[in-house]
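Undergrad: Have a look at the structure that comes next, please.
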Amino acid sequence: MRILLIGATGTLGSAVLAALSDRAEVLTASRSGEYPVDLTDPASITALYDRVGSIDAVAVSAGVTPFKPLAELTRADYSAGLTDKLLGQVELVQQGLGRLADGGSFTLVSGVLAYDPIVTGAVAATVNGALDSFVRAAAIELPRGLRINAVSATVFEEAWEAYGDYFPGYKPVPTAEAARAYVKSVFGRQTGQIYRVGY
């Protein structure tokens, strides 16, 4: 099996890479990795698919959203989150429909803020909620036995020192726990699922 992992160099992506590499060949993509890609640019996504060739699965652990107090958020801030984390992943699926082998899968990344928001997290909550809805809707229309799921995790132990103050009362989880959800999504048979990790 050949898996395209986007965001492989990040905190979560590194754990996902380790978990998937035990069972498959993993091609790693990021803004400056083995296979460069910019999720905000559909042409960059096309070029990525052209370079990697035949694949069985796409897994995403990348996506950026701005964090600001609600009163300071602008339309440009919402557009930035929508363009990167939401529409970037939607574009990966849209273009991947004709690229993945029969029975292949997409695993997207959303997050806890869709269900349990924090101060300064309005854009992330909006984007994550939209991603989860997209996964459920796309699952009933995918052709050729293709599947789609999302991994929605809480804050990670590895990022707690930097972000813990933004998540008062939350219990962090290790990235390895979220990585197991990716393994379940890629190698299992479920579709249209939002795998909640740590909440």
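Residues are referred to by chain and number: the chain letter is A, B, ... according to the order shown in the structure tokens, the number counts from 1 in that chain, and ligands are numbered separately from 1 in the order shown.
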For segment 121-129 of chain A, list every protein, DNA or RNA residue within 9 Å, evaluated using only C-alpha atoms, and leave out those in the same chain fewer than 3 positions away; present the list as a list in words.
TA: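 Everything that qualifies: Val64, Thr65, Pro66, Phe67, Lys68, Pro69, Leu70, Leu73, Asp77, Tyr78, Gly81, Leu82, Lys85, Leu86, Val109, Ser110, Gly111, Val112, Leu113, Ala114, Tyr115, Asp116, Pro117, Ile118, Asp132, Ser133, Phe134 and Ser152 of chain A.
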Undergrad: Please, which residues of segment 22-171 of chain A, numbered as in this document, come out strand (DSSP E or B) from DSSP, as number ranges by chain?
TA: A: 25-30, 35-36, 55-60, 100-109, 147-153, 156
Undergrad: Calculated over only C-alpha atoms, which of the candidates A:Pro42, A:Gly33, A:Gly98, A:Gly103 has the smallest distance to Asp56 of chain A?
TA: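 Nearest to Asp56 of chain A: A:Gly103.
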Undergrad: One number please: atom CA of Arg136 of chain A to atom CA of Glu157 of chain A, in Å, one decimal.
TA: 28.5 Å
Undergrad: Please, which residues in segment 136-167 of chain A fall within 12 Å of segment 186-190 of chain A when counting only C-alpha atoms, and what is the closest atom pair and distance in Å to one decimal for each, ordered by chain then residue number, as JSON lines?
TA:
```
{"residue": "A:Arg136", "atom": "CA", "partner": "A:Gln190", "partner_atom": "CA", "distance": 11.6}
{"residue": "A:Ala139", "atom": "CA", "partner": "A:Gln190", "partner_atom": "CA", "distance": 9.8}
{"residue": "A:Ile140", "atom": "CA", "partner": "A:Gln190", "partner_atom": "CA", "distance": 11.9}
{"residue": "A:Gly145", "atom": "CA", "partner": "A:Arg189", "partner_atom": "CA", "distance": 9.9}
{"residue": "A:Leu146", "atom": "CA", "partner": "A:Arg189", "partner_atom": "CA", "distance": 9.8}
{"residue": "A:Arg147", "atom": "CA", "partner": "A:Gln190", "partner_atom": "CA", "distance": 7.2}
{"residue": "A:Ile148", "atom": "CA", "partner": "A:Gln190", "partner_atom": "CA", "distance": 8.1}
{"residue": "A:Asn149", "atom": "CA", "partner": "A:Gln190", "partner_atom": "CA", "distance": 7.8}
{"residue": "A:Ala150", "atom": "CA", "partner": "A:Val186", "partner_atom": "CA", "distance": 10.5}
{"residue": "A:Val151", "atom": "CA", "partner": "A:Val186", "partner_atom": "CA", "distance": 11.1}
```
Undergrad: Please, which residues of chain A, numbered as in this document, come out helix (DSSP H, G or I) from DSSP, as a PyMOL selection string?
TA: chain A and resi 11-21+42-52+70-72+75-96+112-114+122-139+157-166+175-187
Undergrad: Please, what distance in Å, to one decimal, runs between atom CA of Gln193 of chain A and atom CA of Ala43 of chain A?
TA: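 Here the two named atoms are 28.6 Å from each other.
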Undergrad: How many Å separate atom CA of Glu25 of chain A from atom CA of Val155 of chain A?
TA: 28.0 Å
